[in-house]
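**Q** This is the structure I want to talk about, given as structure tokens.
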Amino acid sequence: MKVLVLGSGAREHALVKAIAADPEVDAVIAAPGNPGIDATALCVPLDILDGQAVASLARDHDVDLVVVGPEAPLVAGVADVCRSAGFPVFGPSAGAALLEGSKSFAKEIMAAAEVPTALAHICTTIEQVGSALDAFGPPYVVKDDGLAAGKGVVVTDSRDAALQHGERSLAKAGGRVVVEEYLDGPELSVFCISDGTHVVALEPAQDFKRVGDGDLGPNTGGMGAYSPLDWAPPGLVEDVVARVAQPTIDEMHRRGTPFVGVLYIGLALTKRGPKVIEFNVRFGDPDGHASFVRLESPFAQLLFAAATGELEGFGRLRWADDYAVVVVIASGGYPAAPRTGDRISGLDAAGEVPGVAVLHAGTKRDDSGALVSAGGRVLNVVAVGSDLGKARSAAYDAVSMVELPGSHHRTDIALKAERGEITIGA
Ligand code: AMP
Ligand code: GLY
């Protein structure tokens with residue numbers, strides 16, 4: 001099987017590695033890819049928002065499967081163009097990608113499918129935002145309706161800050177704001193693979209969204225993750241499939257926009273059970289790779305089965321009996337104003353730590369061929385070990401070998417879980 005993977009971050013590096021490890025796969029092409037992906041796949045520069053260009057690359061290489069990594073090409077309809085050109089695609093149509101592309105649409109689907117989620121008001125004026133804030137009280141949760149590259153959500157005790165975020169989001173063309181009830185409890189991510197009808201869930205992961213240790217500072221795209229979650233109640237994944245994933249997939253099917261790809265369900269485990277915080281239509285970064293790095297079933301065949309409507313016959317997933325921890329190394333200034341162009345070294349030594357792989361997120365080669373930082377999140381260090389403590393120490397050993405001037409990372413990824421300190425919320 002020949003597979004084309006779209007995207008250029010650590011998520012796609014993780015996808016390419018997992019796909020290339022499938023014995024059925026003989027070649028992986030990545031567009032545009034990155035310097036890390038280049039070691040495993042043929043990287044081809046391309047505007048991945050241009051569906052026709054993607055389809056013609058797929059044709060040139062005669063690929064058997066197109067895997068779309070990030071949300072932007074999905075929302076832009078790239079999966080639709082490739083499907084019309086006759087390629088099996090792992091990734092939803094533009095219509096189904098609205099589950100991530102519009103938070104109000106996601107809320108509408110959840111209401112129709114009776115999926116447990118935070119109560120919400122959808123607002124189009126600042127007066128409505130103000131009354132919704134007062135209806136719920138603090139902590140306030142205010143969300144930009146559209147895609148906002150990780151900057152769309154503000155959770156704050158300050159009514160002024162909440163209102164300001166509402167104003168900023170409303171100021172955009174067609175601006176809409178979702179104000180919702182605060183959900184208290186540990187967060188987790190469940191990745192549900194679907195062929196439009198059937199659902200297969202991966203093992204859950206926990207993501208660390210805030211930039212600083214102790215969950216302090218602003219939200220980011222994710223600073224680290226681990227899987228599996230020993231503290232999750234037994235039967236949680238089955239419950240999430242039964243009460244969230246399957247009803248959502250059924251509702252999308254009923255509306256004529258079947259969802260093919262991965263439905264990423266972000267949940268809070270409240271005292272009243274799991275409630276949906278958000279839907280995404282792609283794998284999480286880094287929580288996605290924390291989850292699927294332990295998968296022993298052939299990954300490309302799983303994605304192919306989803307893309308071709310054959311998930312039912314795929315059988316039960318097999319998992320390695322170990323733990324994965326991912327630590328993200330971010331550039332100085334991330335998330336507000338990441339600095340770029342700094343030299344990166346020590347990757348070979350880091351990659352030799354047993355159980356460790358170093359994924360490239362925001363890297364590039366400069367004119368002299370040296371590896372430099374090119375984004376906010378620069379590298380994702382993934383470690384697998386026989387328990388959480390071993391996976392953590394392998395990850396942090398490797399992180400300490402990487403040199404990137406000005407960089408920072410969290411030191412407490414998976415620490416509370418290792419200490420058994422996670423409790424279900426109020
Ligand atoms: P989102 O982009 O929807 O994932 O939101 C980013 C982060 O904001 C989430 O991971 C949560 O930590 C937080 N968040 C979003 N919605 C809520 C909510 N209703 N209650 C509590 N925290 C939330
Ligand atoms: N780590 C969160 C995300 O991928 O959206």
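By order in the structure tokens, chains are A, B, ...; within a chain, residues start at 1; ligands start at 1, following the order shown.
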Listing only residues of region 52-73 of chain A within 12 Å of region 277-287 of chain A, what is the closest atom pair and its distance in Å (to one decimal) for each, using only C-alpha atoms, sorted by chain and residue number ascending, as JSON lines?
**A**
```
{"residue": "A:Val67", "atom": "CA", "partner": "A:Arg282", "partner_atom": "CA", "distance": 10.0}
{"residue": "A:Val68", "atom": "CA", "partner": "A:Arg282", "partner_atom": "CA", "distance": 7.9}
{"residue": "A:Gly69", "atom": "CA", "partner": "A:Arg282", "partner_atom": "CA", "distance": 6.4}
{"residue": "A:Pro70", "atom": "CA", "partner": "A:Arg282", "partner_atom": "CA", "distance": 6.2}
{"residue": "A:Glu71", "atom": "CA", "partner": "A:Arg282", "partner_atom": "CA", "distance": 6.2}
{"residue": "A:Ala72", "atom": "CA", "partner": "A:Arg282", "partner_atom": "CA", "distance": 10.0}
{"residue": "A:Pro73", "atom": "CA", "partner": "A:Arg282", "partner_atom": "CA", "distance": 10.7}
```
**Q** What are the closest atom pairs, with distances in Å to one decimal, for each residue of chain A lying within 10 Å of ligand 1, using only C-alpha atoms and all ligand atoms, rows by chain and rising residue number, as a tab-separated table?
**A**
```
residue	atom	partner	partner_atom_place_in_ligand_line	distance
A:Glu100	CA	ligand 1	3 (O)	9.3
A:Lys103	CA	ligand 1	3 (O)	8.2
A:Thr117	CA	ligand 1	19 (N)	8.0
A:Ala118	CA	ligand 1	19 (N)	5.5
A:Leu119	CA	ligand 1	19 (N)	8.1
A:Ala120	CA	ligand 1	19 (N)	8.5
A:Pro139	CA	ligand 1	21 (C)	8.1
A:Tyr140	CA	ligand 1	20 (N)	8.2
A:Val141	CA	ligand 1	18 (C)	5.8
A:Val142	CA	ligand 1	16 (N)	7.8
A:Lys143	CA	ligand 1	3 (O)	7.2
A:Asp144	CA	ligand 1	2 (O)	9.1
A:Asp145	CA	ligand 1	3 (O)	9.9
A:Leu147	CA	ligand 1	2 (O)	9.1
A:Ala148	CA	ligand 1	2 (O)	8.6
A:Ala149	CA	ligand 1	2 (O)	8.7
A:Gly150	CA	ligand 1	2 (O)	6.0
A:Lys151	CA	ligand 1	2 (O)	7.5
A:Gly152	CA	ligand 1	2 (O)	6.3
A:Val153	CA	ligand 1	5 (O)	5.2
A:Val154	CA	ligand 1	8 (O)	6.6
A:Val155	CA	ligand 1	8 (O)	6.2
A:Thr156	CA	ligand 1	22 (N)	9.4
A:Val178	CA	ligand 1	16 (N)	9.8
A:Val179	CA	ligand 1	19 (N)	8.4
A:Glu180	CA	ligand 1	19 (N)	5.6
A:Glu181	CA	ligand 1	19 (N)	5.2
A:Tyr182	CA	ligand 1	20 (N)	3.6
A:Leu183	CA	ligand 1	20 (N)	3.7
A:Asp184	CA	ligand 1	21 (C)	6.1
A:Gly185	CA	ligand 1	21 (C)	8.2
A:Pro186	CA	ligand 1	12 (O)	9.0
A:Glu187	CA	ligand 1	10 (O)	7.0
A:Leu188	CA	ligand 1	10 (O)	8.7
A:Ser189	CA	ligand 1	10 (O)	9.4
A:Asp207	CA	ligand 1	10 (O)	8.0
A:Phe208	CA	ligand 1	10 (O)	8.1
A:Lys209	CA	ligand 1	10 (O)	6.0
A:Arg210	CA	ligand 1	12 (O)	7.8
A:Asp215	CA	ligand 1	12 (O)	9.4
A:Pro218	CA	ligand 1	8 (O)	9.7
A:Asn219	CA	ligand 1	7 (C)	6.7
A:Thr220	CA	ligand 1	6 (C)	8.3
A:Gly221	CA	ligand 1	6 (C)	8.6
A:Gly222	CA	ligand 1	10 (O)	8.8
A:Ile265	CA	ligand 1	4 (O)	9.4
A:Gly266	CA	ligand 1	4 (O)	6.6
A:Leu267	CA	ligand 1	10 (O)	8.3
A:Ala268	CA	ligand 1	21 (C)	7.5
A:Lys275	CA	ligand 1	19 (N)	8.9
A:Val276	CA	ligand 1	19 (N)	8.2
A:Ile277	CA	ligand 1	16 (N)	5.0
A:Glu278	CA	ligand 1	3 (O)	4.7
A:Phe279	CA	ligand 1	3 (O)	7.6
A:Asn280	CA	ligand 1	4 (O)	8.5
```
**Q** Which residues, written as a VMD selection string, have at least one atom at most 9 Å from Ala14 (chain A), with only C-alpha atoms counted and residues fewer than 6 positions away on the same chain left out?
**A** chain A and resid 37 288 to 289 292 to 293 359 to 360
**Q** Would you put the residues from that selection into a file with C-alpha atoms, as a PDB file, in the first residue's frame?
**A**
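Once written, again.pdb looks like this:
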```pdb
ATOM      1  CA  ILE A  37       9.396  13.129   8.367  1.00  0.00           C
ATOM      2  CA  GLY A 288      -3.016  11.498  19.574  1.00  0.00           C
ATOM      3  CA  HIS A 289       0.472  10.078  19.366  1.00  0.00           C
ATOM      4  CA  PHE A 292      -1.632   5.389  19.022  1.00  0.00           C
ATOM      5  CA  VAL A 293       2.111   4.857  19.623  1.00  0.00           C
ATOM      6  CA  LEU A 359       9.245  13.953  16.539  1.00  0.00           C
ATOM      7  CA  HIS A 360       9.669  17.173  14.620  1.00  0.00           C
TER       8      HIS A 360
END
```
**Q** Find the residues near Gly309 (chain A): any atom within 8 Å, counting only C-alpha atoms, skip ones fewer than 5 places away on the same chain, and give them as a list in words.
**A** Asp195, Gly196 and Thr197 of chain A
**Q** With C-alpha atoms retained, could you export that selection as a CSV table (one decimal), in the first residue's frame?
**A**
```csv
chain,number,residue,atom,x,y,z
A,195,ASP,CA,-16.0,4.7,8.6
A,196,GLY,CA,-19.2,6.8,8.7
A,197,THR,CA,-21.2,4.1,10.4
```
**Q** Using only C-alpha atoms, which residues sit within 10 Å of Glu312 (chain A) once same-chain residues fewer than 5 positions away are excluded, as an mmCIF file with C-alpha atoms, in the first residue's frame?
**A**
```
data_model
loop_
_atom_site.group_PDB
_atom_site.id
_atom_site.type_symbol
_atom_site.label_atom_id
_atom_site.label_comp_id
_atom_site.auth_asym_id
_atom_site.auth_seq_id
_atom_site.Cartn_x
_atom_site.Cartn_y
_atom_site.Cartn_z
ATOM 1 C CA SER A 194 -15.095 5.887 12.112
ATOM 2 C CA ASP A 195 -15.966 4.726 8.612
ATOM 3 C CA THR A 197 -21.183 4.074 10.399
ATOM 4 C CA HIS A 198 -19.032 2.081 12.814
ATOM 5 C CA VAL A 199 -16.775 3.319 15.602
ATOM 6 C CA VAL A 200 -13.520 1.929 16.977
ATOM 7 C CA ALA A 305 -10.582 0.149 6.649
ATOM 8 C CA ALA A 306 -12.154 3.392 7.920
#
```
**Q** Running DSSP on the backbone, which parts of region 71-300 of chain A land in alpha helix (DSSP H), as a ChimeraX atom specification?
**A** /A:71-75,78-84,94-101,103-112,126-136,159-170,236-240,246-254,287-292,299-300
**Q** Please determine, counting only C-alpha atoms and all ligand atoms, which residue among A:Thr125, A:Asn34, A:Ser291, A:Ser104 has the shortest atom-to-atom distance to ligand 2.
**A** A:Ser291
